[in-house]
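Trainee: Next comes work-v4.pdb, PDB, C-alpha atoms, pLDDT in the B column:
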```
MODEL        1
ATOM      1  CA  PHE A 161      14.783-130.226 -81.558  1.00 75.00           C
ATOM      2  CA  ILE A 162      11.068-130.733 -82.132  1.00 83.00           C
ATOM      3  CA  ILE A 163      10.237-128.958 -78.871  1.00 86.00           C
ATOM      4  CA  LEU A 164      12.568-126.070 -79.761  1.00 81.00           C
ATOM      5  CA  ARG A 165      10.975-125.779 -83.189  1.00 82.00           C
ATOM      6  CA  LEU A 166       7.495-125.758 -81.663  1.00 86.00           C
ATOM      7  CA  LEU A 167       8.556-123.048 -79.216  1.00 86.00           C
ATOM      8  CA  SER A 168      10.069-120.977 -82.025  1.00 83.00           C
ATOM      9  CA  PHE A 169       6.956-121.399 -84.150  1.00 84.00           C
ATOM     10  CA  THR A 170       4.859-120.344 -81.141  1.00 88.00           C
ATOM     11  CA  PHE A 171       6.965-117.197 -80.759  1.00 87.00           C
ATOM     12  CA  LEU A 172       6.644-116.526 -84.488  1.00 85.00           C
ATOM     13  CA  ALA A 173       2.863-116.941 -84.293  1.00 86.00           C
ATOM     14  CA  LEU A 174       2.552-114.726 -81.216  1.00 91.00           C
ATOM     15  CA  ILE A 175       4.497-111.777 -82.656  1.00 89.00           C
ATOM     16  CA  PRO A 176       1.618-110.696 -84.984  1.00 91.00           C
ATOM     17  CA  ILE A 177      -0.769-111.049 -82.044  1.00 93.00           C
ATOM     18  CA  LEU A 178       1.454-108.719 -80.027  1.00 93.00           C
ATOM     19  CA  ILE A 179       1.503-106.252 -82.919  1.00 92.00           C
ATOM     20  CA  TRP A 180      -2.304-106.400 -82.951  1.00 94.00           C
ATOM     21  CA  LEU A 181      -2.464-105.780 -79.185  1.00 94.00           C
ATOM     22  CA  ILE A 182       0.051-102.931 -79.373  1.00 93.00           C
ATOM     23  CA  GLY A 183      -1.997-101.277 -82.099  1.00 93.00           C
ATOM     24  CA  LYS A 184      -5.146-101.718 -80.047  1.00 93.00           C
ATOM     25  CA  LYS A 185      -3.501-100.210 -76.980  1.00 92.00           C
ATOM     26  CA  LEU A 186      -2.313 -97.248 -79.050  1.00 90.00           C
ATOM     27  CA  GLY A 187      -5.827 -96.691 -80.397  1.00 89.00           C
ATOM     28  CA  GLN A 188      -5.109 -97.641 -84.002  1.00 90.00           C
ATOM     29  CA  SER A 189      -7.957 -98.660 -86.280  1.00 92.00           C
ATOM     30  CA  LYS A 190      -8.693-102.296 -87.003  1.00 92.00           C
ATOM     31  CA  THR A 191      -7.650-101.818 -90.637  1.00 92.00           C
ATOM     32  CA  PHE A 192      -4.287-100.381 -89.603  1.00 92.00           C
ATOM     33  CA  ARG A 193      -3.681-103.306 -87.233  1.00 92.00           C
ATOM     34  CA  ILE A 194      -4.525-105.807 -89.973  1.00 92.00           C
ATOM     35  CA  TYR A 195      -2.088-104.084 -92.337  1.00 92.00           C
ATOM     36  CA  ALA A 196       0.624-104.028 -89.673  1.00 90.00           C
ATOM     37  CA  CYS A 197       0.235-107.766 -89.047  1.00 89.00           C
ATOM     38  CA  LEU A 198       0.181-108.507 -92.777  1.00 89.00           C
ATOM     39  CA  LEU A 199       3.286-106.400 -93.280  1.00 88.00           C
ATOM     40  CA  LEU A 200       5.129-108.443 -90.673  1.00 84.00           C
ATOM     41  CA  ILE A 201       3.898-111.748 -92.047  1.00 83.00           C
ATOM     42  CA  THR A 202       4.880-110.869 -95.618  1.00 85.00           C
ATOM     43  CA  TYR A 203       8.186-109.207 -94.753  1.00 77.00           C
ATOM     44  CA  PRO A 204      10.995-111.562 -95.816  1.00 73.00           C
ATOM     45  CA  SER A 205      13.216-110.987 -92.793  1.00 70.00           C
ATOM     46  CA  SER A 206      10.413-112.259 -90.568  1.00 69.00           C
ATOM     47  CA  TRP A 207      11.009-115.680 -92.057  1.00 66.00           C
ATOM     48  CA  ILE A 208      14.685-115.665 -93.040  1.00 64.00           C
ATOM     49  CA  TYR A 209      16.384-116.338 -89.736  1.00 57.00           C
ATOM     50  CA  SER A 210      18.154-119.309 -91.404  1.00 57.00           C
ATOM     51  CA  LYS A 211      17.563-121.507 -88.397  1.00 60.00           C
ATOM     52  CA  ILE A 212      14.184-121.975 -86.800  1.00 66.00           C
ATOM     53  CA  ILE A 213      15.611-122.968 -83.409  1.00 68.00           C
ATOM     54  CA  GLY A 214      17.905-119.962 -83.016  1.00 72.00           C
ATOM     55  CA  PRO A 215      17.518-117.258 -80.390  1.00 82.00           C
ATOM     56  CA  GLU A 216      16.230-114.626 -82.829  1.00 83.00           C
ATOM     57  CA  LEU A 217      12.526-115.394 -82.558  1.00 84.00           C
ATOM     58  CA  LEU A 218      12.628-115.575 -78.756  1.00 87.00           C
ATOM     59  CA  SER A 219      14.485-112.269 -78.669  1.00 89.00           C
ATOM     60  CA  VAL A 220      12.023-110.502 -80.971  1.00 88.00           C
ATOM     61  CA  PHE A 221       9.063-111.973 -79.096  1.00 91.00           C
ATOM     62  CA  LEU A 222      10.387-110.823 -75.712  1.00 93.00           C
ATOM     63  CA  GLY A 223      11.214-107.405 -77.145  1.00 93.00           C
ATOM     64  CA  MET A 224       7.715-106.956 -78.542  1.00 93.00           C
ATOM     65  CA  LEU A 225       6.161-108.243 -75.308  1.00 95.00           C
ATOM     66  CA  GLY A 226       8.358-105.803 -73.398  1.00 95.00           C
ATOM     67  CA  PHE A 227       7.244-102.950 -75.649  1.00 95.00           C
ATOM     68  CA  TYR A 228       3.611-103.920 -75.060  1.00 95.00           C
ATOM     69  CA  PHE A 229       4.119-103.858 -71.288  1.00 95.00           C
ATOM     70  CA  SER A 230       6.080-100.595 -71.460  1.00 93.00           C
ATOM     71  CA  LEU A 231       3.020 -98.811 -72.838  1.00 91.00           C
ATOM     72  CA  SER A 232       1.229 -98.766 -69.484  1.00 89.00           C
ATOM     73  CA  LYS A 233       2.488 -96.934 -66.433  1.00 86.00           C
ATOM     74  CA  GLN A 234       1.860 -99.865 -64.085  1.00 91.00           C
ATOM     75  CA  SER A 235       3.818-102.474 -66.056  1.00 92.00           C
ATOM     76  CA  ARG A 236       6.406-100.284 -67.770  1.00 91.00           C
ATOM     77  CA  LEU A 237       9.331-101.490 -65.674  1.00 93.00           C
ATOM     78  CA  LYS A 238       8.405-105.112 -66.303  1.00 95.00           C
ATOM     79  CA  GLY A 239       8.354-104.237 -69.992  1.00 94.00           C
ATOM     80  CA  PHE A 240      11.843-102.767 -69.877  1.00 95.00           C
ATOM     81  CA  LEU A 241      13.062-105.795 -67.932  1.00 96.00           C
ATOM     82  CA  LEU A 242      11.786-107.952 -70.810  1.00 95.00           C
ATOM     83  CA  THR A 243      13.416-105.735 -73.431  1.00 95.00           C
ATOM     84  CA  GLY A 244      16.663-106.033 -71.464  1.00 94.00           C
ATOM     85  CA  ILE A 245      16.347-109.809 -71.551  1.00 94.00           C
ATOM     86  CA  SER A 246      15.597-109.509 -75.255  1.00 94.00           C
ATOM     87  CA  PHE A 247      18.777-107.650 -76.165  1.00 90.00           C
ATOM     88  CA  GLY A 248      20.752-109.839 -73.781  1.00 90.00           C
ATOM     89  CA  ILE A 249      19.663-112.845 -75.829  1.00 89.00           C
ATOM     90  CA  LYS A 250      20.338-111.221 -79.197  1.00 87.00           C
ATOM     91  CA  LEU A 251      21.974-107.805 -79.321  1.00 85.00           C
ATOM     92  CA  ASN A 252      20.035-106.850 -82.466  1.00 84.00           C
ATOM     93  CA  SER A 253      16.966-106.321 -80.291  1.00 87.00           C
ATOM     94  CA  ILE A 254      18.537-103.274 -78.692  1.00 89.00           C
ATOM     95  CA  SER A 255      16.643-101.344 -81.363  1.00 90.00           C
ATOM     96  CA  ILE A 256      13.390-102.426 -79.701  1.00 91.00           C
ATOM     97  CA  PHE A 257      14.718-101.078 -76.399  1.00 93.00           C
ATOM     98  CA  LEU A 258      15.722 -97.769 -77.970  1.00 93.00           C
ATOM     99  CA  PHE A 259      12.336 -97.384 -79.647  1.00 92.00           C
ATOM    100  CA  SER A 260      10.508 -98.285 -76.419  1.00 92.00           C
ATOM    101  CA  TYR A 261      12.568 -95.794 -74.441  1.00 92.00           C
ATOM    102  CA  LEU A 262      12.085 -92.957 -76.913  1.00 91.00           C
ATOM    103  CA  PHE A 263       8.388 -93.722 -77.257  1.00 90.00           C
ATOM    104  CA  ARG A 264       7.981 -93.720 -73.476  1.00 88.00           C
ATOM    105  CA  ILE A 265       9.870 -90.479 -72.939  1.00 85.00           C
ATOM    106  CA  LEU A 266       8.618 -88.514 -75.949  1.00 82.00           C
ATOM    107  CA  THR A 267       4.932 -89.452 -75.934  1.00 78.00           C
ATOM    108  CA  LEU A 268       4.020 -90.014 -72.333  1.00 66.00           C
ATOM    109  CA  TYR A 269       5.398 -86.817 -70.886  1.00 65.00           C
ATOM    110  CA  ASN A 270       4.420 -83.358 -71.983  1.00 64.00           C
ATOM    111  CA  SER A 271       7.060 -80.730 -72.591  1.00 61.00           C
ATOM    112  CA  LYS A 272       6.318 -78.884 -69.346  1.00 65.00           C
ATOM    113  CA  GLU A 273       7.505 -81.735 -67.152  1.00 66.00           C
ATOM    114  CA  LYS A 274      10.609 -81.110 -65.100  1.00 74.00           C
ATOM    115  CA  ILE A 275      13.936 -82.555 -66.167  1.00 76.00           C
ATOM    116  CA  GLN A 276      14.139 -84.466 -62.865  1.00 78.00           C
ATOM    117  CA  LYS A 277      11.135 -86.536 -63.903  1.00 81.00           C
ATOM    118  CA  TYR A 278      12.811 -87.424 -67.210  1.00 84.00           C
ATOM    119  CA  LEU A 279      16.030 -88.345 -65.438  1.00 85.00           C
ATOM    120  CA  LYS A 280      14.216 -90.426 -62.822  1.00 88.00           C
ATOM    121  CA  GLU A 281      12.283 -92.312 -65.510  1.00 88.00           C
ATOM    122  CA  THR A 282      15.477 -92.816 -67.526  1.00 90.00           C
ATOM    123  CA  PHE A 283      17.254 -94.134 -64.427  1.00 94.00           C
ATOM    124  CA  TRP A 284      14.513 -96.692 -63.710  1.00 93.00           C
ATOM    125  CA  ILE A 285      14.237 -97.730 -67.351  1.00 93.00           C
ATOM    126  CA  GLY A 286      18.006 -98.151 -67.584  1.00 93.00           C
ATOM    127  CA  THR A 287      18.184-100.079 -64.321  1.00 95.00           C
ATOM    128  CA  CYS A 288      15.412-102.497 -65.285  1.00 95.00           C
ATOM    129  CA  SER A 289      16.831-102.980 -68.772  1.00 94.00           C
ATOM    130  CA  PHE A 290      20.306-103.645 -67.396  1.00 94.00           C
ATOM    131  CA  MET A 291      18.846-106.134 -64.896  1.00 95.00           C
ATOM    132  CA  GLY A 292      17.130-107.903 -67.790  1.00 94.00           C
ATOM    133  CA  PHE A 293      20.431-107.960 -69.670  1.00 93.00           C
ATOM    134  CA  LEU A 294      22.104-109.533 -66.615  1.00 92.00           C
ATOM    135  CA  ILE A 295      19.345-112.133 -66.319  1.00 93.00           C
ATOM    136  CA  SER A 296      19.877-113.257 -69.906  1.00 91.00           C
ATOM    137  CA  THR A 297      23.680-112.856 -69.892  1.00 88.00           C
ATOM    138  CA  PRO A 298      24.817-113.741 -66.346  1.00 88.00           C
ATOM    139  CA  ILE A 299      28.411-114.264 -67.485  1.00 87.00           C
ATOM    140  CA  PHE A 300      28.621-110.459 -67.717  1.00 88.00           C
ATOM    141  CA  ILE A 301      28.789-110.335 -63.907  1.00 88.00           C
ATOM    142  CA  ILE A 302      31.857-112.587 -63.752  1.00 88.00           C
ATOM    143  CA  HIS A 303      33.617-111.772 -67.042  1.00 85.00           C
ATOM    144  CA  PRO A 304      32.399-108.421 -68.396  1.00 87.00           C
ATOM    145  CA  LYS A 305      35.497-108.019 -70.581  1.00 88.00           C
ATOM    146  CA  VAL A 306      34.737-111.272 -72.419  1.00 85.00           C
ATOM    147  CA  VAL A 307      31.147-110.219 -73.139  1.00 83.00           C
ATOM    148  CA  ILE A 308      32.185-106.743 -74.293  1.00 83.00           C
ATOM    149  CA  ALA A 309      34.941-108.221 -76.477  1.00 80.00           C
ATOM    150  CA  ASN A 310      32.425-110.616 -78.047  1.00 77.00           C
ATOM    151  CA  ILE A 311      30.014-107.776 -78.724  1.00 74.00           C
ATOM    152  CA  LEU A 312      32.696-105.575 -80.268  1.00 73.00           C
ATOM    153  CA  SER A 313      34.314-108.319 -82.332  1.00 70.00           C
ATOM    154  CA  TYR A 314      31.112-109.798 -83.733  1.00 58.00           C
ATOM    155  CA  GLY A 315      30.465-108.997 -87.378  1.00 55.00           C
ATOM    156  CA  ARG A 316      33.416-106.746 -88.118  1.00 54.00           C
ATOM    157  CA  ALA A 317      32.438-104.813 -91.193  1.00 52.00           C
ATOM    158  CA  ASP A 318      35.676-102.833 -91.316  1.00 51.00           C
ATOM    159  CA  PHE A 319      33.749 -99.995 -92.895  1.00 48.00           C
ATOM    160  CA  PHE A 320      36.582 -97.513 -92.565  1.00 51.00           C
ATOM    161  CA  ILE A 321      39.271 -99.882 -93.836  1.00 52.00           C
ATOM    162  CA  HIS A 322      37.704-101.095 -97.092  1.00 52.00           C
ATOM    163  CA  SER A 323      36.460 -98.981 -99.894  1.00 55.00           C
ATOM    164  CA  LEU A 324      32.739 -98.476-100.365  1.00 52.00           C
ATOM    165  CA  ASN A 325      32.887-100.540-103.574  1.00 54.00           C
ATOM    166  CA  HIS A 326      34.254-103.492-101.654  1.00 53.00           C
ATOM    167  CA  ILE A 327      31.502-103.264 -99.051  1.00 49.00           C
ATOM    168  CA  LEU A 328      28.620-102.791-101.457  1.00 54.00           C
ATOM    169  CA  PHE A 329      29.725-104.986-104.335  1.00 57.00           C
ATOM    170  CA  SER A 330      32.313-107.304-102.725  1.00 51.00           C
ATOM    171  CA  LEU A 331      34.914-106.211-105.256  1.00 44.00           C
TER     172      LEU A 331
ENDMDL
END
```
Starting from the coordinates I provided, produce the structure as structure tokens.

Mentor:
Amino acid sequence: FIILRLLSFTFLALIPILIWLIGKKLGQSKTFRIYACLLLITYPSSWIYSKIIGPELLSVFLGMLGFYFSLSKQSRLKGFLLTGISFGIKLNSISIFLFSYLFRILTLYNSKEKIQKYLKETFWIGTCSFMGFLISTPIFIIHPKVVIANILSYGRADFFIHSLNHILFSL
């Protein structure tokens, strides 16, 4: 457990460094990068994962590392492979994938590009992300129904069954 805690703490310590590097790569000022790192460090959900040796920190770290790699044309597919591994470890990190994809498509191509280029890029991004998902969740190859059932059954909020008062105030 000590080794797992050290690894998790390492991931936690490297996430602000990745935020700094992402800001630098995007041309943000030093002040903005400092504020972004401080925001992460002081944000309560950065620390409240309730277990320090859980998969959350590894997932966020790999997602952020994948986003960093996805910013350059040469390593973009490696970045999306890492984001695929990230949301394969913890499905919550799919938001990092979605942001990376939208950022890649909306900012790196001008509006005069042909639709074929968008579709080709989307195909390669999707393929690499799915390969990353398979690397981190190999049981999906053998039993895809079990994985999909686990994803769909996890955290049932029953939003449409209960009233809004019950959801918001547990009444």

Trainee: At what distance in Å, to one decimal, does atom CA of Pro304 of chain A lie from atom CA of Phe290 of chain A?

Mentor: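 So the answer is 13.0 Å.
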
Trainee: Contacts of Phe283 of chain A at 12 Å or less, counting only C-alpha atoms, minus same-chain residues fewer than 4 places along, as a list in words?

Mentor: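 Contacts, in chain order: Leu237, Phe240, Tyr261, Ile265, Gln276, Lys277, Tyr278, Leu279, Thr287, Cys288, Ser289 and Phe290 of chain A.
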
Trainee: Within 12 Å of segment 216-225 of chain A, which residues of segment 264-304 of chain A show up? Give each one with its shortest atom-to-atom distance in Å (one decimal) and the two atoms involved, counting all atoms listed in the file, rows by chain then rising residue number, as JSON lines.

Mentor:
```
{"residue": "A:Ser289", "atom": "CA", "partner": "A:Gly223", "partner_atom": "CA", "distance": 11.0}
{"residue": "A:Gly292", "atom": "CA", "partner": "A:Leu222", "partner_atom": "CA", "distance": 10.8}
{"residue": "A:Phe293", "atom": "CA", "partner": "A:Ser219", "partner_atom": "CA", "distance": 11.6}
{"residue": "A:Ser296", "atom": "CA", "partner": "A:Ser219", "partner_atom": "CA", "distance": 10.3}
```

Trainee: Which residues match the PyMOL selection byres ((chain A and resi 215) around 12) in the file above, as an MDAnalysis selection string?

Mentor: chainID A and resid 164:165 167:169 171:172 209:214 216:222 245:253 296

Trainee: Selection in question (the file shown): the PyMOL selection byres ((chain A and resi 180) around 8). Which residues does it include, as a list in words?

Mentor: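 On this input, the PyMOL selection byres ((chain A and resi 180) around 8) captures Pro176, Ile177, Leu178, Ile179, Leu181, Ile182, Gly183, Lys184, Arg193, Ile194, Ala196 and Cys197 of chain A.
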
Trainee: Find the distance between atom CA of Ile175 of chain A and atom CA of Ile201 of chain A and write it in Å to one decimal.

Mentor: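 If I compute the distance from atom CA of Ile175 of chain A to atom CA of Ile201 of chain A, I get 9.4 Å.
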
Trainee: Please measure the separation of atom CA of Leu241 of chain A and atom CA of Ile285 of chain A, giving the value in Å to one decimal.

Mentor: 8.2 Å
